[in-house]
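One structure is given here, and the rest of the page talks about it.
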Amino acid sequence: METVKPPALAPGAHVGVVATSSPLTAEQLRRVTGHFEARGHPVKVAPGVLDRLGFLAGTAERRAAGVMAMFADPDVGLVVPANGGAGAEHLVDRLDYATIRANPKLFTGFSNPTSLNNAIWAAARVPTVHGISGFQFFPSTAEPWTENAFWAMATGPVTGHEVAGPHWRVHRAERPRVSGHVVGGNLTAFRTLVGTRWMPPTAGSILLIEAMTATFESIDTALTHLRLAGVFRDIAALVIAAPADWPRENAPDADVDELVLRCVGDGFPVVTNVEYGHQPRKIQFPIGCRVEFDLHGRPPVLRYLEDLVRV
């Protein structure tokens, strides 16, 4: 299946805010919509965005219907989950990927909604943005570097743009450069796709893994599962997000890097402490598009090899 890229977000295009995961308050929703409106983008809010069903923003059926309504709406150019948390995986088998492919739009997700980023890429071959969800805008002001990086990826060409990583830690870099299409994201969300038809191919990929609420023990279990499932087989590189402030407890590893290297197996470079996790400053990654890491650089560098959008 060929890739179908979404058009660049045009000035004045509508933004569709949807509920994929956990609930949010009316004030939080106001801040999300206010951010996009202040940039000249009218906002359409899917029905049920303020629903509450325990730790979920309403039923899976209503949440999925909201996502599909925004993909089917010709005025909407960008679809944004209102929140993270839990529950986006419930939507994976309820989305109409033929409609998504026929109406490619920008979709951006971070944390729990990244199960949908990867499912959309696997089932519709539409690239998406790993970088923000609506909760990025819950504070009164968004982190400027992150905001600018997101809008650059959403609105125009980024091919050739570079991000340097003076604090990244590079392991097993036998080749000076590695490249591949980007997949992955939140560890828990991504792991729910393993063994399903919505799991994107990982061979040759730059695989992202980030986790916030975890321990060394739970990360050990999750990474071992991915290794046994063949997820790491033939990947171009594994990229672990910062922060990774997981409690060590009684682990046999001295630090995060030792834990990761012990659990994932050999045969590919591993880059850790890369700033795209649960912190204000986030590197934007294009799920489904190719990037390159210059691993022997001082500092190492991420380079975008293609645009996510059609300009």
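Following the order of the structure tokens, chains are lettered A, B, ..., residues in each are numbered from 1, and ligands are numbered from 1.
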Residues of region 111-170 of chain A that approach region 191-204 of chain A to 6 Å or less, counting only C-alpha atoms: could you list each one with the shortest pair of atoms and its distance in Å to one decimal, rows by chain and increasing residue number, as CSV?
residue,atom,partner,partner_atom,distance
A:Ala119,CA,A:Trp198,CA,4.8
A:Ala122,CA,A:Pro200,CA,4.5
A:Ala123,CA,A:Trp198,CA,6.0
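Close contacts of Arg298 (chain A), defined as residues with an atom at most 9 Å away when counting only C-alpha atoms, with chain neighbours fewer than 4 positions off set aside, comprise A:Ala164, A:Gly165, A:Pro166.
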Practice problem: Step one, run DSSP on the backbone; step two, keep only residues of region 120-294 of chain A assigned to helix (DSSP H, G or I); then write them as a PyMOL selection string. | Solution: chain A and resi 120-124+134-137+144-155+187-191+216-228+256-264
Please provide the set of residues having any atom within 7 Å of Pro104 (chain A), restricted to only C-alpha atoms, with same-chain residues fewer than 2 positions apart removed, written as an mmCIF file with all heavy atoms, in the first residue's frame.
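Written output follows (selection.cif):
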data_model
loop_
_atom_site.group_PDB
_atom_site.id
_atom_site.type_symbol
_atom_site.label_atom_id
_atom_site.label_comp_id
_atom_site.auth_asym_id
_atom_site.auth_seq_id
_atom_site.Cartn_x
_atom_site.Cartn_y
_atom_site.Cartn_z
ATOM 1 N N VAL A 4 -0.106 7.766 1.636
ATOM 2 C CA VAL A 4 -0.929 8.915 1.259
ATOM 3 C C VAL A 4 -0.698 9.994 2.306
ATOM 4 O O VAL A 4 -1.148 9.864 3.449
ATOM 5 C CB VAL A 4 -2.429 8.553 1.185
ATOM 6 C CG1 VAL A 4 -3.252 9.787 0.835
ATOM 7 C CG2 VAL A 4 -2.666 7.446 0.180
ATOM 8 N N LYS A 5 -0.013 11.048 1.930
ATOM 9 C CA LYS A 5 0.307 12.088 2.897
ATOM 10 C C LYS A 5 -0.829 13.101 2.999
ATOM 11 O O LYS A 5 -1.468 13.433 2.006
ATOM 12 C CB LYS A 5 1.609 12.795 2.512
ATOM 13 C CG LYS A 5 2.833 11.889 2.617
ATOM 14 C CD LYS A 5 4.112 12.657 2.434
ATOM 15 C CE LYS A 5 5.320 11.738 2.633
ATOM 16 N NZ LYS A 5 6.606 12.467 2.531
ATOM 17 N N PRO A 6 -1.073 13.599 4.202
ATOM 18 C CA PRO A 6 -2.105 14.630 4.356
ATOM 19 C C PRO A 6 -1.611 15.953 3.796
ATOM 20 O O PRO A 6 -0.401 16.214 3.762
ATOM 21 C CB PRO A 6 -2.284 14.717 5.873
ATOM 22 C CG PRO A 6 -0.952 14.299 6.419
ATOM 23 C CD PRO A 6 -0.423 13.263 5.478
ATOM 24 N N ILE A 100 -10.348 7.074 6.405
ATOM 25 C CA ILE A 100 -9.176 7.873 6.782
ATOM 26 C C ILE A 100 -8.224 7.998 5.598
ATOM 27 O O ILE A 100 -7.704 9.079 5.313
ATOM 28 C CB ILE A 100 -8.479 7.248 8.007
ATOM 29 C CG1 ILE A 100 -9.371 7.395 9.246
ATOM 30 C CG2 ILE A 100 -7.110 7.894 8.238
ATOM 31 C CD1 ILE A 100 -8.862 6.672 10.467
ATOM 32 N N ARG A 101 -8.016 6.898 4.883
ATOM 33 C CA ARG A 101 -7.116 6.943 3.724
ATOM 34 C C ARG A 101 -7.696 7.802 2.600
ATOM 35 O O ARG A 101 -6.958 8.506 1.900
ATOM 36 C CB ARG A 101 -6.858 5.519 3.224
ATOM 37 C CG ARG A 101 -5.910 5.444 2.032
ATOM 38 C CD ARG A 101 -5.530 4.013 1.701
ATOM 39 N NE ARG A 101 -4.760 3.945 0.464
ATOM 40 C CZ ARG A 101 -3.461 4.161 0.368
ATOM 41 N NH1 ARG A 101 -2.767 4.473 1.459
ATOM 42 N NH2 ARG A 101 -2.827 4.072 -0.778
ATOM 43 N N ALA A 102 -9.005 7.758 2.432
ATOM 44 C CA ALA A 102 -9.644 8.556 1.386
ATOM 45 C C ALA A 102 -9.717 10.039 1.736
ATOM 46 O O ALA A 102 -9.901 10.874 0.841
ATOM 47 C CB ALA A 102 -11.046 8.021 1.116
ATOM 48 N N LEU A 106 -4.029 15.669 8.823
ATOM 49 C CA LEU A 106 -3.053 15.644 9.898
ATOM 50 C C LEU A 106 -3.699 15.088 11.162
ATOM 51 O O LEU A 106 -4.788 15.512 11.555
ATOM 52 C CB LEU A 106 -2.542 17.051 10.190
ATOM 53 C CG LEU A 106 -1.424 17.581 9.296
ATOM 54 C CD1 LEU A 106 -1.291 19.079 9.475
ATOM 55 C CD2 LEU A 106 -0.116 16.877 9.634
ATOM 56 N N VAL A 126 -1.284 6.474 6.255
ATOM 57 C CA VAL A 126 -1.290 7.935 6.369
ATOM 58 C C VAL A 126 -0.331 8.309 7.486
ATOM 59 O O VAL A 126 -0.529 7.884 8.630
ATOM 60 C CB VAL A 126 -2.704 8.476 6.662
ATOM 61 C CG1 VAL A 126 -2.662 9.985 6.895
ATOM 62 C CG2 VAL A 126 -3.659 8.134 5.523
#
Considering only C-alpha atoms, tabulate each residue of region 193-286 of chain A that lies at most 8 Å from region 167-178 of chain A along with its nearest interatomic pair and the corresponding distance in Å to one decimal; arrange the rows by chain and ascending residue number and present them as JSON lines.
{"residue": "A:Ala236", "atom": "CA", "partner": "A:Val178", "partner_atom": "CA", "distance": 6.2}
{"residue": "A:Ala237", "atom": "CA", "partner": "A:Val178", "partner_atom": "CA", "distance": 7.1}
{"residue": "A:Phe268", "atom": "CA", "partner": "A:Arg172", "partner_atom": "CA", "distance": 6.8}
{"residue": "A:Pro269", "atom": "CA", "partner": "A:Arg172", "partner_atom": "CA", "distance": 4.8}
{"residue": "A:Val270", "atom": "CA", "partner": "A:His171", "partner_atom": "CA", "distance": 5.2}
{"residue": "A:Val271", "atom": "CA", "partner": "A:Val170", "partner_atom": "CA", "distance": 4.6}
{"residue": "A:Thr272", "atom": "CA", "partner": "A:Arg169", "partner_atom": "CA", "distance": 5.2}
{"residue": "A:Asn273", "atom": "CA", "partner": "A:Trp168", "partner_atom": "CA", "distance": 5.1}
{"residue": "A:Val274", "atom": "CA", "partner": "A:Trp168", "partner_atom": "CA", "distance": 5.6}
